[in-house]
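Source file: protein-v8.cif; contents: mmCIF, C-alpha atoms and all ligand atoms.
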```
data_coords
#
loop_
_atom_site.label_atom_id
_atom_site.label_comp_id
_atom_site.auth_asym_id
_atom_site.auth_seq_id
_atom_site.Cartn_x
_atom_site.Cartn_y
_atom_site.Cartn_z
CA MET A 1 -35.45 0.31 17.18
CA PRO A 2 -37.21 3.42 15.92
CA CYS A 3 -35.33 5.92 13.82
CA GLY A 4 -34.32 9.13 15.57
CA ILE A 5 -31.92 10.32 18.23
CA PHE A 6 -30.88 7.46 20.44
CA ALA A 7 -30.80 9.03 23.88
CA ASP A 8 -28.37 6.62 25.53
CA THR A 9 -25.64 7.24 23.00
CA GLY A 10 -26.17 10.73 21.68
CA TYR A 11 -26.02 9.37 18.13
CA THR A 12 -28.68 9.88 15.50
CA ILE A 13 -29.78 6.40 14.51
CA HIS A 14 -31.55 5.09 11.44
CA ASN A 15 -32.30 1.45 10.85
CA CYS A 16 -30.42 -0.19 8.03
CA SER A 17 -32.36 -2.29 5.55
CA SER A 18 -29.41 -4.54 4.74
CA CYS A 19 -28.11 -5.50 8.18
CA GLN A 20 -29.56 -5.90 11.61
CA PHE A 21 -27.64 -3.03 13.10
CA ALA A 22 -28.60 0.58 13.25
CA VAL A 23 -26.90 3.04 10.94
CA VAL A 24 -25.25 5.80 12.86
CA LEU A 25 -25.56 8.95 10.81
CA ALA A 26 -24.10 11.58 13.07
CA GLN A 27 -23.68 12.50 16.66
CA SER A 28 -26.46 14.73 17.86
CA CYS A 29 -24.07 17.43 19.02
CA GLY A 30 -24.87 19.40 15.89
CA CYS A 31 -21.66 18.42 14.16
CA LYS A 32 -22.31 17.82 10.49
CA THR A 33 -19.19 15.75 9.99
CA MET A 34 -19.78 12.06 10.48
CA GLN A 35 -17.30 10.65 12.94
CA THR A 36 -15.27 7.87 11.40
CA ILE A 37 -13.14 4.94 12.44
CA LEU A 38 -9.47 4.59 11.58
CA ARG A 39 -8.88 1.30 9.78
CA LEU A 40 -5.52 -0.44 10.18
CA ASP A 41 -4.06 -3.46 8.46
CA LEU A 42 -2.76 -6.29 10.61
CA ALA A 43 0.69 -4.67 10.73
CA GLY A 44 -0.83 -1.58 12.35
CA GLN A 45 -0.43 0.64 9.28
CA PRO A 46 -3.29 3.13 8.72
CA ARG A 47 -5.31 2.02 5.69
CA GLY A 48 -8.23 4.38 5.50
CA TRP A 49 -11.18 5.94 7.26
CA ILE A 50 -14.38 3.93 7.43
CA THR A 51 -17.84 4.95 8.55
CA LEU A 52 -19.27 3.76 11.83
CA HIS A 53 -21.68 1.64 9.82
CA GLU A 54 -18.81 -0.04 7.95
CA ALA A 55 -17.06 -0.68 11.27
CA VAL A 56 -20.22 -2.23 12.74
CA THR A 57 -20.51 -4.47 9.69
CA ALA A 58 -16.86 -5.55 10.06
CA TYR A 59 -17.45 -6.38 13.74
CA ALA A 60 -20.63 -8.32 12.94
CA LYS A 61 -18.79 -10.35 10.27
CA GLY A 62 -15.92 -11.09 12.63
CA ASP A 63 -13.39 -9.24 10.49
CA VAL A 64 -12.08 -7.02 13.30
CA VAL A 65 -8.91 -8.57 14.71
CA TYR A 66 -8.30 -5.98 17.40
CA GLY A 67 -9.32 -2.49 18.41
CA ILE A 68 -7.46 0.39 20.04
CA GLY A 69 -8.77 3.25 22.14
CA ASP A 70 -11.58 3.98 24.56
CA VAL A 71 -14.79 2.15 23.74
CA LEU A 72 -17.38 4.41 22.08
CA PRO A 73 -21.05 4.52 23.09
CA PRO A 74 -22.52 1.08 22.24
CA ILE A 75 -24.40 0.37 19.02
CA PHE A 76 -27.47 -1.83 19.51
CA GLY A 77 -29.01 -4.14 16.94
CA GLY A 78 -32.06 -6.38 16.88
CA ILE A 79 -33.38 -8.80 19.54
CA GLN A 80 -31.68 -12.19 19.35
CA ARG A 81 -34.11 -15.11 19.02
CA ILE A 82 -31.99 -17.49 21.10
CA ASN A 83 -31.82 -15.51 24.33
CA GLY A 84 -34.12 -12.54 23.82
CA GLN A 85 -31.22 -10.14 24.37
CA ARG A 86 -30.64 -7.10 22.22
CA SER A 87 -27.40 -7.51 20.28
CA ARG A 88 -24.76 -4.92 20.97
CA ILE A 89 -21.42 -3.88 19.53
CA ASP A 90 -18.83 -1.87 21.42
CA LEU A 91 -16.81 0.01 18.84
CA GLN A 92 -13.34 1.37 19.33
CA PRO A 93 -12.08 4.37 17.35
CA ILE A 94 -9.26 2.36 15.73
CA VAL A 95 -9.73 -1.15 14.34
CA ALA A 96 -7.44 -3.61 12.61
CA ILE A 97 -9.30 -5.55 9.95
CA GLN A 98 -8.54 -8.90 8.31
CA GLY A 99 -6.87 -8.76 4.92
CA ARG A 100 -3.56 -8.95 3.22
CA ILE A 101 -0.83 -6.53 4.15
CA VAL A 102 0.14 -4.23 1.32
CA GLN A 103 3.63 -2.77 1.46
CA GLY A 104 4.11 0.96 0.97
CA PHE A 105 1.68 3.82 0.82
CA CYS A 106 1.20 6.46 -1.86
CA ALA A 107 -0.36 9.59 -0.35
CA PRO A 108 -2.99 11.01 -2.74
CA LEU A 109 -2.45 14.69 -3.46
CA CYS A 110 -5.35 17.12 -3.37
CA ASN A 111 -5.60 20.79 -2.41
CA ARG A 112 -7.45 20.06 0.81
CA THR A 113 -4.67 17.90 2.26
CA LEU A 114 -1.96 20.05 0.70
CA PHE A 115 -3.29 23.21 2.36
CA ARG A 116 -3.60 21.37 5.67
CA ARG A 117 0.01 20.16 5.32
CA ASP A 118 1.07 23.80 5.00
CA ASP A 119 -1.20 24.90 7.87
CA HIS A 120 -3.23 27.02 5.45
CA ARG A 121 -0.23 29.32 5.16
CA CYS A 122 1.18 30.77 1.99
CA LEU A 123 4.73 29.36 1.98
CA TYR A 124 6.02 32.57 0.40
CA CYS A 125 4.58 35.37 2.56
CA GLY A 126 3.67 33.27 5.61
CA GLN A 127 0.12 34.59 6.02
CA GLN A 128 -2.73 32.24 6.82
CA PHE A 129 -5.75 32.08 4.51
CA THR A 130 -8.99 30.19 4.16
CA ARG A 131 -9.08 27.38 1.61
CA THR A 132 -10.53 29.66 -1.07
CA GLY A 133 -7.72 32.17 -0.59
CA LEU A 134 -5.02 29.64 -1.45
CA THR A 135 -3.74 28.10 -4.66
CA ARG A 136 -1.48 25.15 -5.47
CA ASP A 137 1.87 26.54 -6.58
CA HIS A 138 4.40 24.40 -8.41
CA VAL A 139 7.84 25.29 -7.05
CA LEU A 140 9.38 24.36 -10.38
CA PRO A 141 6.61 25.43 -12.78
CA THR A 142 4.97 22.65 -14.81
CA SER A 143 5.75 24.57 -18.01
CA ARG A 144 9.42 24.05 -17.18
CA GLY A 145 9.23 20.38 -16.34
CA GLY A 146 7.95 20.57 -12.75
CA THR A 147 5.70 17.69 -11.78
CA ASP A 148 2.54 17.56 -9.73
CA ARG A 149 3.93 15.79 -6.69
CA TRP A 150 4.03 16.59 -2.99
CA GLU A 151 7.70 17.63 -3.04
CA ASN A 152 7.08 20.19 -5.80
CA VAL A 153 3.87 21.84 -4.63
CA VAL A 154 3.10 24.33 -1.87
CA ALA A 155 0.18 26.41 -0.71
CA ALA A 156 0.47 29.96 -2.01
CA CYS A 157 -1.85 32.95 -1.77
CA LYS A 158 -3.15 34.29 -5.04
CA ARG A 159 -1.01 37.40 -4.81
CA CYS A 160 2.26 35.48 -4.26
CA ASN A 161 1.37 32.95 -6.94
CA TRP A 162 0.79 35.79 -9.41
CA GLN A 163 3.99 37.56 -8.32
CA LYS A 164 6.12 34.41 -8.61
CA ASP A 165 4.71 33.77 -12.06
CA ASN A 166 6.57 31.27 -14.22
CA ARG A 167 9.78 31.35 -12.16
CA THR A 168 11.52 29.32 -9.49
CA PRO A 169 11.64 30.78 -5.95
CA GLU A 170 15.30 31.67 -6.51
CA GLU A 171 14.60 33.49 -9.76
CA ALA A 172 11.67 35.35 -8.18
CA HIS A 173 13.65 36.13 -4.99
CA MET A 174 10.81 34.54 -3.02
CA PRO A 175 12.40 31.93 -0.75
CA LEU A 176 10.17 29.15 0.57
CA LEU A 177 9.43 29.30 4.30
CA ALA A 178 9.39 25.48 4.60
CA VAL A 179 10.54 22.53 2.56
CA PRO A 180 7.62 20.77 0.84
CA PHE A 181 7.45 17.08 1.75
CA LYS A 182 5.40 14.01 1.01
CA PRO A 183 3.38 12.94 4.08
CA ASN A 184 3.77 9.39 5.29
CA SER A 185 0.72 7.21 5.89
CA TRP A 186 0.22 8.42 9.46
CA GLU A 187 0.54 12.08 8.49
CA TRP A 188 -1.71 11.75 5.46
CA HIS A 189 -4.53 10.04 7.41
CA PHE A 190 -4.42 12.90 9.88
CA LEU A 191 -4.45 15.52 7.11
CA ALA A 192 -7.38 13.81 5.39
CA LYS A 193 -9.75 14.32 8.33
CA ASP A 194 -11.03 17.52 9.89
CA ARG A 195 -12.23 15.92 13.11
CA ILE A 196 -10.75 12.88 14.78
CA PHE A 197 -10.98 11.18 18.16
CA ALA A 198 -8.20 11.86 20.67
CA ASP A 199 -7.15 8.19 20.55
CA GLN A 200 -6.82 8.38 16.78
CA MET A 201 -4.70 11.53 17.09
CA ASP A 202 -2.49 9.83 19.67
CA TYR A 203 -2.01 6.81 17.43
CA LEU A 204 -1.24 8.78 14.27
CA SER A 205 0.95 11.46 15.83
CA LYS A 206 3.43 8.89 17.18
CA ARG A 207 4.66 8.37 13.64
CA PHE A 208 4.64 11.95 12.41
CA ARG A 209 8.02 12.77 10.88
CA ALA A 210 7.32 16.35 9.90
CA GLU A 211 8.34 19.00 12.37
CA ARG A 212 4.98 20.72 12.30
CA ASP A 213 2.71 21.68 15.14
CA TRP A 214 -0.18 19.44 14.03
CA ALA A 215 -0.38 17.47 17.26
CA ALA A 216 -0.81 20.55 19.45
ZN ZN B 1 1.49 34.88 -0.04
#
```

Will you turn the file into structure tokens for me?
Ligand SMILES: [Zn+2]
Amino acid sequence: MPCGIFADTGYTIHNCSSCQFAVVLAQSCGCKTMQTILRLDLAGQPRGWITLHEAVTAYAKGDVVYGIGDVLPPIFGGIQRINGQRSRIDLQPIVAIQGRIVQGFCAPLCNRTLFRRDDHRCLYCGQQFTRTGLTRDHVLPTSRGGTDRWENVVAACKRCNWQKDNRTPEEAHMPLLAVPFKPNSWEWHFLAKDRIFADQMDYLSKRFRAERDWAA
């Protein structure tokens, strides 16, 4: 298969030197974000985002136990010697992959997911900002024993962060507009991705605990 846009699928395809299947780099819609597959463990718990290429490899190795969601445009590989047919894999947007089930999930904390948790709003003045207009504010300042964990951090605009200074919200008379919380696995996987398939959103949003308008 030649490299280039693969007309039947709308994906941009490049051949992979290490496996027989094409590497899907991006959809040709102009979107620069590579679409990814939601990986589950066998218990159905979200366990990460994998590239389409990684999902194809898992299918080819027989590691995919089941898939969920509408089948995506097919990925074609090389011609099979036995029957002369081109090999083909029908990916689904959510796949459960072989492996041991690990209990619990610790949501990594970074500004990108933190600001998405707070809907890019300053939790003191309520205004929305771009990512560069926000800072990570420690509700109980670190200099006074506050730790860098989800329940003690909020998005704050630079002005409110400066105004609050080294004080608690109570001391600064700046009440929080929402209670900071630690996202569960379903919430965190949603927050970690800018663009997801509708089936992935449906799957994740069923287990959202936070009363936020993310699923709208
Ligand atoms: Zn503010």

**OP:** Compute the distance from (-26.3, -9.2, 21.1) to each atom, counting all atoms listed in the file, keep the residues with any atom at most 12 Å away, and return them as an MDAnalysis selection string; use the coordinates of the file.
**Re:** chainID A and resid 20:21 59:60 74:90

**OP:** Could you check how far atom ZN of ligand ZN 1 (chain B) sits from CA of Val154 in chain A, in Å to one decimal?
**Re:** 10.8 Å

Subject >> Within 12 Å of ligand ZN 1 (chain B) (only C-alpha atoms and all ligand atoms), residues as a ChimeraX atom specification >> reply: /A:120-129,133-137,154-164,174-177

Would you export the selected residues with C-alpha atoms as a compact mmCIF listing (two decimals), in the frame of the given file, please?
```txt
# COMPACT_ATOMS: atom_id res chain seq x y z
CA HIS A 120 -3.23 27.02 5.45
CA ARG A 121 -0.23 29.32 5.16
CA CYS A 122 1.18 30.77 1.99
CA LEU A 123 4.73 29.36 1.98
CA TYR A 124 6.02 32.57 0.40
CA CYS A 125 4.58 35.37 2.56
CA GLY A 126 3.67 33.27 5.61
CA GLN A 127 0.12 34.59 6.02
CA GLN A 128 -2.73 32.24 6.82
CA PHE A 129 -5.75 32.08 4.51
CA GLY A 133 -7.72 32.17 -0.59
CA LEU A 134 -5.02 29.64 -1.45
CA THR A 135 -3.74 28.10 -4.66
CA ARG A 136 -1.48 25.15 -5.47
CA ASP A 137 1.87 26.54 -6.58
CA VAL A 154 3.10 24.33 -1.87
CA ALA A 155 0.18 26.41 -0.71
CA ALA A 156 0.47 29.96 -2.01
CA CYS A 157 -1.85 32.95 -1.77
CA LYS A 158 -3.15 34.29 -5.04
CA ARG A 159 -1.01 37.40 -4.81
CA CYS A 160 2.26 35.48 -4.26
CA ASN A 161 1.37 32.95 -6.94
CA TRP A 162 0.79 35.79 -9.41
CA GLN A 163 3.99 37.56 -8.32
CA LYS A 164 6.12 34.41 -8.61
CA MET A 174 10.81 34.54 -3.02
CA PRO A 175 12.40 31.93 -0.75
CA LEU A 176 10.17 29.15 0.57
CA LEU A 177 9.43 29.30 4.30
```

Original post:
Near Arg207 in chain A, within 12 Å and counting all atoms listed in the file, which residues show up once chain neighbours fewer than 2 positions away are dropped, as number ranges by chain?
Top reply: A: 44-46, 183-190, 200-205, 209-211, 215

Subject >> Interatomic distance (Å, one decimal) between CA of Gly99 in chain A and CA of Thr36 in chain A >> reply: 19.7 Å

Original post:
Which is closer to Arg131 in chain A than all the others in A:Val56, A:Ile196, A:Cys110, A:Ile97, using all atoms listed in the file?
Top reply: A:Cys110

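Going from CA of Ile50 in chain A to CA of Thr130 in chain A covers 27.0 Å.
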
Please return range 169-201 of chain A, rebuilt to N, CA and C atoms, as a PDB file, keeping the file's coordinate frame.
```
ATOM      1  N   PRO A 169      11.530  29.856  -7.090  1.00  0.00           N
ATOM      2  CA  PRO A 169      11.640  30.780  -5.950  1.00  0.00           C
ATOM      3  C   PRO A 169      12.939  31.597  -6.002  1.00  0.00           C
ATOM      4  N   GLU A 170      14.012  30.961  -6.438  1.00  0.00           N
ATOM      5  CA  GLU A 170      15.300  31.670  -6.510  1.00  0.00           C
ATOM      6  C   GLU A 170      15.230  32.799  -7.537  1.00  0.00           C
ATOM      7  N   GLU A 171      14.699  32.480  -8.704  1.00  0.00           N
ATOM      8  CA  GLU A 171      14.600  33.490  -9.760  1.00  0.00           C
ATOM      9  C   GLU A 171      13.690  34.652  -9.341  1.00  0.00           C
ATOM     10  N   ALA A 172      12.639  34.313  -8.584  1.00  0.00           N
ATOM     11  CA  ALA A 172      11.670  35.350  -8.180  1.00  0.00           C
ATOM     12  C   ALA A 172      12.098  36.050  -6.890  1.00  0.00           C
ATOM     13  N   HIS A 173      13.201  35.601  -6.294  1.00  0.00           N
ATOM     14  CA  HIS A 173      13.650  36.130  -4.990  1.00  0.00           C
ATOM     15  C   HIS A 173      12.541  36.010  -3.954  1.00  0.00           C
ATOM     16  N   MET A 174      11.894  34.833  -3.970  1.00  0.00           N
ATOM     17  CA  MET A 174      10.810  34.540  -3.020  1.00  0.00           C
ATOM     18  C   MET A 174      11.123  33.205  -2.343  1.00  0.00           C
ATOM     19  N   PRO A 175      12.016  33.208  -1.367  1.00  0.00           N
ATOM     20  CA  PRO A 175      12.400  31.930  -0.750  1.00  0.00           C
ATOM     21  C   PRO A 175      11.224  31.260  -0.043  1.00  0.00           C
ATOM     22  N   LEU A 176      11.212  29.925  -0.119  1.00  0.00           N
ATOM     23  CA  LEU A 176      10.170  29.150   0.570  1.00  0.00           C
ATOM     24  C   LEU A 176      10.399  29.183   2.080  1.00  0.00           C
ATOM     25  N   LEU A 177       9.314  29.259   2.839  1.00  0.00           N
ATOM     26  CA  LEU A 177       9.430  29.300   4.300  1.00  0.00           C
ATOM     27  C   LEU A 177       9.561  27.899   4.902  1.00  0.00           C
ATOM     28  N   ALA A 178       9.258  26.867   4.129  1.00  0.00           N
ATOM     29  CA  ALA A 178       9.390  25.480   4.600  1.00  0.00           C
ATOM     30  C   ALA A 178       9.641  24.592   3.395  1.00  0.00           C
ATOM     31  N   VAL A 179      10.243  23.453   3.655  1.00  0.00           N
ATOM     32  CA  VAL A 179      10.540  22.530   2.560  1.00  0.00           C
ATOM     33  C   VAL A 179       9.307  21.644   2.325  1.00  0.00           C
ATOM     34  N   PRO A 180       8.790  21.629   1.099  1.00  0.00           N
ATOM     35  CA  PRO A 180       7.620  20.770   0.840  1.00  0.00           C
ATOM     36  C   PRO A 180       7.996  19.291   0.939  1.00  0.00           C
ATOM     37  N   PHE A 181       7.139  18.507   1.552  1.00  0.00           N
ATOM     38  CA  PHE A 181       7.450  17.080   1.750  1.00  0.00           C
ATOM     39  C   PHE A 181       6.214  16.239   1.465  1.00  0.00           C
ATOM     40  N   LYS A 182       6.485  14.966   1.239  1.00  0.00           N
ATOM     41  CA  LYS A 182       5.400  14.010   1.010  1.00  0.00           C
ATOM     42  C   LYS A 182       5.022  13.396   2.353  1.00  0.00           C
ATOM     43  N   PRO A 183       3.753  13.514   2.784  1.00  0.00           N
ATOM     44  CA  PRO A 183       3.380  12.940   4.080  1.00  0.00           C
ATOM     45  C   PRO A 183       3.443  11.413   4.061  1.00  0.00           C
ATOM     46  N   ASN A 184       3.831  10.845   5.184  1.00  0.00           N
ATOM     47  CA  ASN A 184       3.770   9.390   5.290  1.00  0.00           C
ATOM     48  C   ASN A 184       2.315   8.987   5.578  1.00  0.00           C
ATOM     49  N   SER A 185       2.096   7.705   5.715  1.00  0.00           N
ATOM     50  CA  SER A 185       0.720   7.210   5.890  1.00  0.00           C
ATOM     51  C   SER A 185       0.047   7.790   7.123  1.00  0.00           C
ATOM     52  N   TRP A 186       0.786   7.898   8.212  1.00  0.00           N
ATOM     53  CA  TRP A 186       0.220   8.420   9.460  1.00  0.00           C
ATOM     54  C   TRP A 186      -0.122   9.895   9.300  1.00  0.00           C
ATOM     55  N   GLU A 187       0.783  10.649   8.696  1.00  0.00           N
ATOM     56  CA  GLU A 187       0.540  12.080   8.490  1.00  0.00           C
ATOM     57  C   GLU A 187      -0.631  12.307   7.534  1.00  0.00           C
ATOM     58  N   TRP A 188      -0.663  11.529   6.445  1.00  0.00           N
ATOM     59  CA  TRP A 188      -1.710  11.750   5.460  1.00  0.00           C
ATOM     60  C   TRP A 188      -3.101  11.438   6.042  1.00  0.00           C
ATOM     61  N   HIS A 189      -3.219  10.366   6.830  1.00  0.00           N
ATOM     62  CA  HIS A 189      -4.530  10.040   7.410  1.00  0.00           C
ATOM     63  C   HIS A 189      -4.986  11.136   8.369  1.00  0.00           C
ATOM     64  N   PHE A 190      -4.049  11.760   9.035  1.00  0.00           N
ATOM     65  CA  PHE A 190      -4.420  12.900   9.880  1.00  0.00           C
ATOM     66  C   PHE A 190      -4.878  14.077   9.009  1.00  0.00           C
ATOM     67  N   LEU A 191      -4.125  14.373   7.959  1.00  0.00           N
ATOM     68  CA  LEU A 191      -4.450  15.520   7.110  1.00  0.00           C
ATOM     69  C   LEU A 191      -5.782  15.332   6.381  1.00  0.00           C
ATOM     70  N   ALA A 192      -6.165  14.084   6.165  1.00  0.00           N
ATOM     71  CA  ALA A 192      -7.380  13.810   5.390  1.00  0.00           C
ATOM     72  C   ALA A 192      -8.657  13.994   6.189  1.00  0.00           C
ATOM     73  N   LYS A 193      -8.555  14.230   7.478  1.00  0.00           N
ATOM     74  CA  LYS A 193      -9.750  14.320   8.330  1.00  0.00           C
ATOM     75  C   LYS A 193      -9.768  15.635   9.101  1.00  0.00           C
ATOM     76  N   ASP A 194     -10.918  16.280   9.124  1.00  0.00           N
ATOM     77  CA  ASP A 194     -11.030  17.520   9.890  1.00  0.00           C
ATOM     78  C   ASP A 194     -11.202  17.254  11.381  1.00  0.00           C
ATOM     79  N   ARG A 195     -11.931  16.200  11.706  1.00  0.00           N
ATOM     80  CA  ARG A 195     -12.230  15.920  13.110  1.00  0.00           C
ATOM     81  C   ARG A 195     -11.895  14.462  13.401  1.00  0.00           C
ATOM     82  N   ILE A 196     -11.064  14.257  14.430  1.00  0.00           N
ATOM     83  CA  ILE A 196     -10.750  12.880  14.780  1.00  0.00           C
ATOM     84  C   ILE A 196     -10.807  12.718  16.295  1.00  0.00           C
ATOM     85  N   PHE A 197     -10.983  11.475  16.725  1.00  0.00           N
ATOM     86  CA  PHE A 197     -10.980  11.180  18.160  1.00  0.00           C
ATOM     87  C   PHE A 197      -9.567  11.371  18.720  1.00  0.00           C
ATOM     88  N   ALA A 198      -9.504  11.667  20.017  1.00  0.00           N
ATOM     89  CA  ALA A 198      -8.200  11.860  20.670  1.00  0.00           C
ATOM     90  C   ALA A 198      -7.329  10.611  20.547  1.00  0.00           C
ATOM     91  N   ASP A 199      -7.928   9.432  20.670  1.00  0.00           N
ATOM     92  CA  ASP A 199      -7.150   8.190  20.550  1.00  0.00           C
ATOM     93  C   ASP A 199      -6.555   8.038  19.154  1.00  0.00           C
ATOM     94  N   GLN A 200      -7.323   8.461  18.154  1.00  0.00           N
ATOM     95  CA  GLN A 200      -6.820   8.380  16.780  1.00  0.00           C
ATOM     96  C   GLN A 200      -5.646   9.347  16.598  1.00  0.00           C
ATOM     97  N   MET A 201      -5.784  10.538  17.168  1.00  0.00           N
ATOM     98  CA  MET A 201      -4.700  11.530  17.090  1.00  0.00           C
ATOM     99  C   MET A 201      -3.449  10.988  17.775  1.00  0.00           C
TER     100      MET A 201
END
```
